[in-house]
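Shown next: query.txt, containing compact mmCIF, N, CA and C atoms.
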# COMPACT_ATOMS: atom_id res chain seq x y z
N MET A 727 0.82 -1.19 0.00
CA MET A 727 0.00 0.00 0.00
C MET A 727 0.86 1.26 0.00
N PHE A 728 1.87 1.27 0.89
CA PHE A 728 2.75 2.44 0.97
C PHE A 728 3.57 2.59 -0.31
N ARG A 729 4.00 1.47 -0.87
CA ARG A 729 4.80 1.51 -2.10
C ARG A 729 3.97 2.10 -3.24
N PHE A 730 2.71 1.71 -3.34
CA PHE A 730 1.83 2.26 -4.37
C PHE A 730 1.66 3.77 -4.20
N LEU A 731 1.45 4.22 -2.97
CA LEU A 731 1.29 5.65 -2.71
C LEU A 731 2.57 6.42 -3.04
N ALA A 732 3.71 5.84 -2.70
CA ALA A 732 4.98 6.50 -2.98
C ALA A 732 5.20 6.62 -4.49
N LYS A 733 4.90 5.54 -5.21
CA LYS A 733 5.06 5.58 -6.67
C LYS A 733 4.09 6.57 -7.29
N SER A 734 2.88 6.62 -6.80
CA SER A 734 1.89 7.55 -7.33
C SER A 734 2.30 8.99 -7.05
N ALA A 735 2.79 9.25 -5.88
CA ALA A 735 3.23 10.60 -5.53
C ALA A 735 4.42 11.01 -6.39
N LEU A 736 5.36 10.10 -6.58
CA LEU A 736 6.52 10.39 -7.41
C LEU A 736 6.10 10.64 -8.85
N ALA A 737 5.21 9.83 -9.37
CA ALA A 737 4.73 10.01 -10.74
C ALA A 737 4.00 11.35 -10.88
N THR A 738 3.23 11.72 -9.88
CA THR A 738 2.52 13.00 -9.92
C THR A 738 3.49 14.17 -9.92
N VAL A 739 4.50 14.11 -9.08
CA VAL A 739 5.49 15.19 -9.02
C VAL A 739 6.24 15.30 -10.34
N ILE A 740 6.65 14.16 -10.89
CA ILE A 740 7.37 14.18 -12.16
C ILE A 740 6.47 14.71 -13.27
N TRP A 741 5.22 14.26 -13.30
CA TRP A 741 4.30 14.72 -14.34
C TRP A 741 4.05 16.21 -14.25
N LYS A 742 3.84 16.72 -13.04
CA LYS A 742 3.58 18.16 -12.89
C LYS A 742 4.79 18.99 -13.29
N ARG A 743 5.97 18.51 -12.96
CA ARG A 743 7.17 19.28 -13.26
C ARG A 743 7.61 19.16 -14.71
N TYR A 744 7.47 17.98 -15.30
CA TYR A 744 8.02 17.74 -16.63
C TYR A 744 6.94 17.42 -17.67
N ARG A 745 5.72 17.85 -17.46
CA ARG A 745 4.64 17.55 -18.39
C ARG A 745 4.93 18.11 -19.77
N ARG A 746 5.35 19.34 -19.85
CA ARG A 746 5.58 19.98 -21.14
C ARG A 746 6.69 19.29 -21.94
N PRO A 747 7.87 19.00 -21.36
CA PRO A 747 8.88 18.27 -22.14
C PRO A 747 8.46 16.85 -22.51
N ILE A 748 7.72 16.19 -21.64
CA ILE A 748 7.29 14.82 -21.94
C ILE A 748 6.32 14.83 -23.13
N VAL A 749 5.35 15.71 -23.09
CA VAL A 749 4.36 15.77 -24.17
C VAL A 749 5.02 16.21 -25.47
N SER A 750 5.91 17.19 -25.40
CA SER A 750 6.56 17.65 -26.64
C SER A 750 7.49 16.58 -27.21
N THR A 751 8.14 15.79 -26.37
CA THR A 751 9.00 14.71 -26.86
C THR A 751 8.16 13.62 -27.52
N LEU A 752 7.03 13.28 -26.91
CA LEU A 752 6.13 12.31 -27.55
C LEU A 752 5.63 12.84 -28.89
N ALA A 753 5.29 14.12 -28.96
CA ALA A 753 4.84 14.71 -30.22
C ALA A 753 5.96 14.69 -31.26
N LEU A 754 7.19 14.91 -30.82
CA LEU A 754 8.33 14.86 -31.74
C LEU A 754 8.49 13.47 -32.34
N PHE A 755 8.45 12.45 -31.50
CA PHE A 755 8.62 11.08 -32.00
C PHE A 755 7.45 10.66 -32.90
N ILE A 756 6.24 11.07 -32.54
CA ILE A 756 5.08 10.77 -33.39
C ILE A 756 5.22 11.48 -34.74
N SER A 757 5.72 12.72 -34.71
CA SER A 757 5.95 13.45 -35.96
C SER A 757 7.01 12.77 -36.81
N TYR A 758 8.10 12.33 -36.19
CA TYR A 758 9.14 11.59 -36.92
C TYR A 758 8.53 10.35 -37.59
N PHE A 759 7.74 9.61 -36.84
CA PHE A 759 7.12 8.40 -37.36
C PHE A 759 6.19 8.74 -38.52
N PHE A 760 5.39 9.79 -38.37
CA PHE A 760 4.44 10.19 -39.41
C PHE A 760 5.17 10.62 -40.68
N ILE A 761 6.22 11.42 -40.54
CA ILE A 761 7.00 11.86 -41.71
C ILE A 761 7.63 10.67 -42.41
N ALA A 762 8.21 9.76 -41.63
CA ALA A 762 8.82 8.57 -42.23
C ALA A 762 7.77 7.71 -42.92
N MET A 763 6.60 7.57 -42.34
CA MET A 763 5.53 6.76 -42.92
C MET A 763 5.03 7.38 -44.23
N VAL A 764 4.81 8.69 -44.24
CA VAL A 764 4.35 9.36 -45.45
C VAL A 764 5.40 9.25 -46.55
N HIS A 765 6.67 9.45 -46.19
CA HIS A 765 7.74 9.35 -47.18
C HIS A 765 7.85 7.93 -47.72
N SER A 766 7.74 6.96 -46.86
CA SER A 766 7.81 5.57 -47.29
C SER A 766 6.66 5.23 -48.24
N ASP A 767 5.48 5.74 -47.92
CA ASP A 767 4.33 5.51 -48.81
C ASP A 767 4.56 6.17 -50.17
N TYR A 768 5.11 7.38 -50.18
CA TYR A 768 5.37 8.05 -51.44
C TYR A 768 6.42 7.30 -52.26
N VAL A 769 7.48 6.83 -51.61
CA VAL A 769 8.52 6.08 -52.32
C VAL A 769 7.93 4.79 -52.88
N SER A 770 7.08 4.11 -52.12
CA SER A 770 6.43 2.89 -52.62
C SER A 770 5.54 3.20 -53.81
N TRP A 771 4.77 4.27 -53.74
CA TRP A 771 3.90 4.67 -54.84
C TRP A 771 4.71 5.04 -56.08
N ALA A 772 5.81 5.82 -55.85
CA ALA A 772 6.64 6.22 -56.99
C ALA A 772 7.32 5.02 -57.63
N THR A 773 7.69 4.03 -56.84
CA THR A 773 8.34 2.84 -57.37
C THR A 773 7.33 1.99 -58.16
N THR A 774 6.12 1.84 -57.65
CA THR A 774 5.13 1.01 -58.34
C THR A 774 4.64 1.66 -59.62
N THR A 775 4.51 2.97 -59.63
CA THR A 775 4.03 3.65 -60.84
C THR A 775 5.16 4.04 -61.77
N ALA A 776 6.40 3.79 -61.37
CA ALA A 776 7.60 4.10 -62.18
C ALA A 776 7.73 5.60 -62.44
N GLN A 777 7.33 6.41 -61.47
CA GLN A 777 7.51 7.86 -61.57
C GLN A 777 8.65 8.28 -60.65
N HIS A 778 9.87 8.18 -61.16
CA HIS A 778 11.06 8.47 -60.37
C HIS A 778 11.55 9.90 -60.57
N ASP A 779 10.80 10.73 -61.30
CA ASP A 779 11.27 12.08 -61.61
C ASP A 779 11.41 12.95 -60.36
N ASN A 780 10.44 12.89 -59.48
CA ASN A 780 10.44 13.76 -58.29
C ASN A 780 10.83 13.01 -57.02
N LEU A 781 11.48 11.90 -57.17
CA LEU A 781 11.85 11.12 -55.99
C LEU A 781 12.88 11.87 -55.14
N TRP A 782 13.79 12.57 -55.78
CA TRP A 782 14.80 13.35 -55.05
C TRP A 782 14.13 14.45 -54.22
N ALA A 783 13.07 15.03 -54.76
CA ALA A 783 12.36 16.10 -54.03
C ALA A 783 11.70 15.56 -52.77
N SER A 784 11.27 14.30 -52.83
CA SER A 784 10.64 13.72 -51.63
C SER A 784 11.65 13.58 -50.50
N PHE A 785 12.89 13.25 -50.84
CA PHE A 785 13.93 13.16 -49.80
C PHE A 785 14.27 14.54 -49.24
N VAL A 786 14.30 15.54 -50.10
CA VAL A 786 14.57 16.91 -49.64
C VAL A 786 13.45 17.37 -48.71
N VAL A 787 12.21 17.13 -49.11
CA VAL A 787 11.06 17.53 -48.28
C VAL A 787 11.08 16.76 -46.96
N LYS A 788 11.42 15.48 -47.03
CA LYS A 788 11.47 14.67 -45.81
C LYS A 788 12.49 15.25 -44.84
N TRP A 789 13.70 15.54 -45.30
CA TRP A 789 14.75 16.03 -44.40
C TRP A 789 14.46 17.46 -43.93
N LEU A 790 13.87 18.28 -44.78
CA LEU A 790 13.49 19.62 -44.34
C LEU A 790 12.40 19.54 -43.27
N ALA A 791 11.47 18.61 -43.43
CA ALA A 791 10.42 18.43 -42.42
C ALA A 791 11.01 17.92 -41.11
N LEU A 792 11.93 16.97 -41.18
CA LEU A 792 12.57 16.46 -39.96
C LEU A 792 13.35 17.56 -39.24
N ILE A 793 14.11 18.33 -40.00
CA ILE A 793 14.89 19.42 -39.40
C ILE A 793 13.96 20.49 -38.83
N GLY A 794 12.89 20.82 -39.57
CA GLY A 794 11.93 21.82 -39.09
C GLY A 794 11.24 21.40 -37.81
N ILE A 795 10.81 20.14 -37.75
CA ILE A 795 10.14 19.63 -36.54
C ILE A 795 11.12 19.64 -35.36
N THR A 796 12.37 19.25 -35.63
CA THR A 796 13.38 19.23 -34.55
C THR A 796 13.66 20.63 -34.04
N LEU A 797 13.80 21.60 -34.94
CA LEU A 797 14.04 22.99 -34.52
C LEU A 797 12.84 23.54 -33.74
N LEU A 798 11.65 23.20 -34.19
CA LEU A 798 10.44 23.62 -33.48
C LEU A 798 10.40 23.02 -32.08
N TYR A 799 10.80 21.77 -31.97
CA TYR A 799 10.86 21.09 -30.66
C TYR A 799 11.84 21.82 -29.72
N TYR A 800 13.05 22.10 -30.21
CA TYR A 800 14.03 22.78 -29.37
C TYR A 800 13.58 24.19 -29.02
N TRP A 801 12.99 24.90 -29.96
CA TRP A 801 12.51 26.25 -29.67
C TRP A 801 11.41 26.20 -28.61
N PHE A 802 10.49 25.28 -28.76
CA PHE A 802 9.38 25.15 -27.82
C PHE A 802 9.88 24.84 -26.42
N ASN A 803 10.84 23.91 -26.30
CA ASN A 803 11.33 23.51 -24.97
C ASN A 803 12.25 24.55 -24.37
N THR A 804 13.07 25.23 -25.14
CA THR A 804 13.93 26.27 -24.56
C THR A 804 13.10 27.47 -24.14
N ARG A 805 12.04 27.77 -24.89
CA ARG A 805 11.16 28.89 -24.52
C ARG A 805 10.43 28.56 -23.23
N SER A 806 9.99 27.33 -23.08
CA SER A 806 9.27 26.97 -21.86
C SER A 806 10.22 26.94 -20.67
N LEU A 807 11.47 26.49 -20.87
CA LEU A 807 12.44 26.50 -19.78
C LEU A 807 12.80 27.93 -19.38
N ALA A 808 12.93 28.82 -20.38
CA ALA A 808 13.23 30.21 -20.07
C ALA A 808 12.08 30.84 -19.29
N LYS A 809 10.85 30.49 -19.66
CA LYS A 809 9.68 31.02 -18.95
C LYS A 809 9.66 30.52 -17.51
N ILE A 810 9.95 29.23 -17.32
CA ILE A 810 9.98 28.67 -15.97
C ILE A 810 11.09 29.32 -15.15
N ASN A 811 12.27 29.50 -15.75
CA ASN A 811 13.38 30.13 -15.04
C ASN A 811 13.06 31.58 -14.70
N ASN A 812 12.40 32.30 -15.59
CA ASN A 812 12.02 33.69 -15.30
C ASN A 812 11.02 33.75 -14.15
N GLU A 813 10.09 32.81 -14.12
CA GLU A 813 9.11 32.78 -13.03
C GLU A 813 9.80 32.49 -11.70
N THR A 814 10.73 31.55 -11.69
CA THR A 814 11.42 31.25 -10.43
C THR A 814 12.33 32.38 -10.03
N ASP A 815 12.94 33.09 -11.00
CA ASP A 815 13.76 34.26 -10.67
C ASP A 815 12.89 35.35 -10.06
N ALA A 816 11.71 35.55 -10.63
CA ALA A 816 10.81 36.57 -10.09
C ALA A 816 10.38 36.20 -8.68
N GLU A 817 10.12 34.92 -8.45
CA GLU A 817 9.74 34.50 -7.09
C GLU A 817 10.91 34.71 -6.13
N ARG A 818 12.12 34.43 -6.59
CA ARG A 818 13.29 34.60 -5.72
C ARG A 818 13.50 36.07 -5.37
N HIS A 819 13.23 36.95 -6.33
CA HIS A 819 13.45 38.37 -6.06
C HIS A 819 12.39 38.97 -5.16
N THR A 820 11.21 38.36 -5.13
CA THR A 820 10.17 38.91 -4.28
C THR A 820 10.22 38.37 -2.86
N LYS A 821 10.83 37.20 -2.67
CA LYS A 821 10.93 36.62 -1.34
C LYS A 821 12.22 37.08 -0.66
N PRO A 822 12.19 37.34 0.64
CA PRO A 822 13.43 37.69 1.33
C PRO A 822 14.36 36.48 1.40
N HIS A 823 15.68 36.75 1.22
CA HIS A 823 16.66 35.68 1.15
C HIS A 823 17.26 35.33 2.49
N ASN A 824 17.61 36.32 3.25
CA ASN A 824 18.33 36.03 4.49
C ASN A 824 17.75 36.86 5.63
N LYS A 825 18.39 36.74 6.76
CA LYS A 825 17.88 37.43 7.95
C LYS A 825 17.94 38.94 7.79
N GLN A 826 18.98 39.44 7.13
CA GLN A 826 19.13 40.88 6.97
C GLN A 826 17.96 41.45 6.16
N SER A 827 17.61 40.80 5.04
CA SER A 827 16.53 41.33 4.23
C SER A 827 15.19 41.17 4.94
N ARG A 828 15.04 40.15 5.75
CA ARG A 828 13.79 40.00 6.52
C ARG A 828 13.68 41.11 7.55
N ARG A 829 14.84 41.47 8.15
CA ARG A 829 14.81 42.55 9.14
C ARG A 829 14.41 43.86 8.49
N THR A 830 14.92 44.14 7.31
CA THR A 830 14.59 45.40 6.67
C THR A 830 13.19 45.36 6.08
N ALA A 831 12.71 44.17 5.68
CA ALA A 831 11.38 44.06 5.10
C ALA A 831 10.29 44.24 6.15
N HIS A 832 10.51 43.72 7.35
CA HIS A 832 9.53 43.80 8.42
C HIS A 832 10.20 44.35 9.67
N PRO A 833 10.26 45.67 9.80
CA PRO A 833 10.91 46.23 10.99
C PRO A 833 10.09 45.93 12.23
N PRO A 834 10.76 45.72 13.36
CA PRO A 834 10.02 45.43 14.59
C PRO A 834 9.25 46.66 15.04
N PRO A 835 8.12 46.44 15.68
CA PRO A 835 7.34 47.59 16.15
C PRO A 835 8.12 48.35 17.22
N GLU A 836 8.00 49.66 17.20
CA GLU A 836 8.71 50.50 18.15
C GLU A 836 8.06 50.39 19.54
N ALA A 837 8.89 50.22 20.55
CA ALA A 837 8.39 50.15 21.93
C ALA A 837 8.36 51.56 22.51
N ALA A 838 7.59 51.71 23.58
CA ALA A 838 7.46 53.02 24.21
C ALA A 838 8.76 53.42 24.92
N GLY A 839 9.46 52.44 25.54
CA GLY A 839 10.68 52.74 26.28
C GLY A 839 11.93 52.41 25.47
N PRO A 840 13.09 52.52 26.11
CA PRO A 840 14.33 52.18 25.40
C PRO A 840 14.37 50.68 25.07
N ASP A 841 14.97 50.37 23.95
CA ASP A 841 15.03 48.99 23.48
C ASP A 841 16.23 48.29 24.10
N PRO A 842 16.00 47.27 24.96
CA PRO A 842 17.13 46.60 25.60
C PRO A 842 17.92 45.71 24.63
N PHE A 843 17.38 45.40 23.46
CA PHE A 843 18.07 44.53 22.52
C PHE A 843 18.66 45.29 21.33
N ALA A 844 18.71 46.59 21.38
CA ALA A 844 19.20 47.38 20.26
C ALA A 844 20.66 47.05 19.95
N ASN A 845 21.49 46.87 20.98
CA ASN A 845 22.91 46.58 20.71
C ASN A 845 23.09 45.20 20.10
N ILE A 846 22.20 44.26 20.41
CA ILE A 846 22.29 42.91 19.83
C ILE A 846 21.88 42.95 18.36
N ARG A 847 20.84 43.70 18.03
CA ARG A 847 20.38 43.77 16.63
C ARG A 847 21.42 44.42 15.73
N SER A 848 22.24 45.28 16.26
CA SER A 848 23.21 45.98 15.41
C SER A 848 24.44 45.13 15.11
N LYS A 849 24.64 44.01 15.82
CA LYS A 849 25.81 43.16 15.59
C LYS A 849 25.67 42.38 14.29
N ASP A 850 26.80 42.20 13.58
CA ASP A 850 26.79 41.40 12.35
C ASP A 850 26.70 39.92 12.66
N LYS A 851 27.42 39.48 13.70
CA LYS A 851 27.46 38.06 14.02
C LYS A 851 27.21 37.90 15.52
N LEU A 852 26.28 37.03 15.85
CA LEU A 852 26.01 36.74 17.25
C LEU A 852 26.76 35.48 17.64
N ARG A 853 27.34 35.49 18.82
CA ARG A 853 28.10 34.33 19.30
C ARG A 853 27.39 33.74 20.50
N SER A 854 27.34 32.42 20.51
CA SER A 854 26.70 31.73 21.63
C SER A 854 27.77 31.36 22.66
N ARG A 855 27.32 30.80 23.75
CA ARG A 855 28.27 30.33 24.77
C ARG A 855 29.17 29.24 24.21
N ALA A 856 28.62 28.42 23.35
CA ALA A 856 29.43 27.35 22.73
C ALA A 856 30.54 27.94 21.87
N ASP A 857 30.26 29.00 21.12
CA ASP A 857 31.29 29.63 20.30
C ASP A 857 32.41 30.18 21.18
N VAL A 858 32.03 30.81 22.27
CA VAL A 858 33.03 31.37 23.19
C VAL A 858 33.84 30.25 23.82
N ALA A 859 33.18 29.18 24.25
CA ALA A 859 33.88 28.06 24.89
C ALA A 859 34.83 27.38 23.91
N MET A 860 34.45 27.29 22.65
CA MET A 860 35.33 26.65 21.67
C MET A 860 36.54 27.50 21.34
N GLU A 861 36.42 28.82 21.45
CA GLU A 861 37.55 29.68 21.14
C GLU A 861 38.55 29.76 22.30
N GLN A 862 38.11 29.54 23.52
CA GLN A 862 39.01 29.67 24.67
C GLN A 862 40.16 28.67 24.63
N PRO A 863 39.97 27.39 24.33
CA PRO A 863 41.14 26.50 24.26
C PRO A 863 42.11 26.93 23.17
N ARG A 864 41.61 27.46 22.08
CA ARG A 864 42.51 27.94 21.02
C ARG A 864 43.35 29.10 21.54
N GLN A 865 42.72 30.01 22.24
CA GLN A 865 43.47 31.16 22.77
C GLN A 865 44.48 30.71 23.81
N ASN A 866 44.08 29.78 24.70
CA ASN A 866 45.01 29.26 25.70
C ASN A 866 46.14 28.49 25.04
N HIS A 867 45.85 27.79 23.97
CA HIS A 867 46.86 26.99 23.27
C HIS A 867 47.86 27.92 22.58
N LYS A 868 47.39 29.05 22.06
CA LYS A 868 48.29 29.97 21.37
C LYS A 868 49.24 30.66 22.34
N HIS A 869 48.82 30.93 23.57
CA HIS A 869 49.65 31.66 24.52
C HIS A 869 50.70 30.78 25.15
N HIS A 870 50.53 29.47 25.20
CA HIS A 870 51.47 28.60 25.87
C HIS A 870 52.55 28.13 25.00
For this file, produce the structure as structure tokens.
Amino acid sequence: MFRFLAKSALATVIWKRYRRPIVSTLALFISYFFIAMVHSDYVSWATTTAQHDNLWASFVVKWLALIGITLLYYWFNTRSLAKINNETDAERHTKPHNKQSRRTAHPPPEAAGPDPFANIRSKDKLRSRADVAMEQPRQNHKHH
């Protein structure tokens, strides 16, 4: 039961994230198959009717269609990736990144009296008792 749920959740996450590339890749392969099938039918027809005059043109059209479909595929997928990256960049720029930007984004409400923590807020780095305790043996070791 748990294995089924895990597989379903994984499949859902992959589908939501990669739906566009998956669908476009399937469309690309179906297009390749369709172009090859149409070309094969034309070559068979030209061979049976002995009309070999435009056979070279069918190969040119086939390869131009394959190249065109491939370029369309790459354009479609790079455009969608650029759109996704732009959306995530916009989200990153709107969200605060670190403690400093959160402090400036949401200043604490002003108290009526003097602020007892003002000197702590102005420090760049806060040190805990553990930091102080870890530095003391180093200092004692350097002096001896």
Which neighbours of range 752-769 of chain A fall inside 8 Å, counting only C-alpha atoms, when residues of the same chain fewer than 5 positions from it are skipped, and could you give them as a ChimeraX atom specification? /A:781,784-785,788,791-792,795-796,799
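When CA of Arg746 in chain A is paired with CA of Leu798 in chain A, their separation reads 13.8 Å.
The space between CA of Trp782 in chain A and CA of Gly794 in chain A spans 18.3 Å.
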By how many Å are atom N of Ser750 in chain A and atom N of Ala737 in chain A apart? 17.7 Å
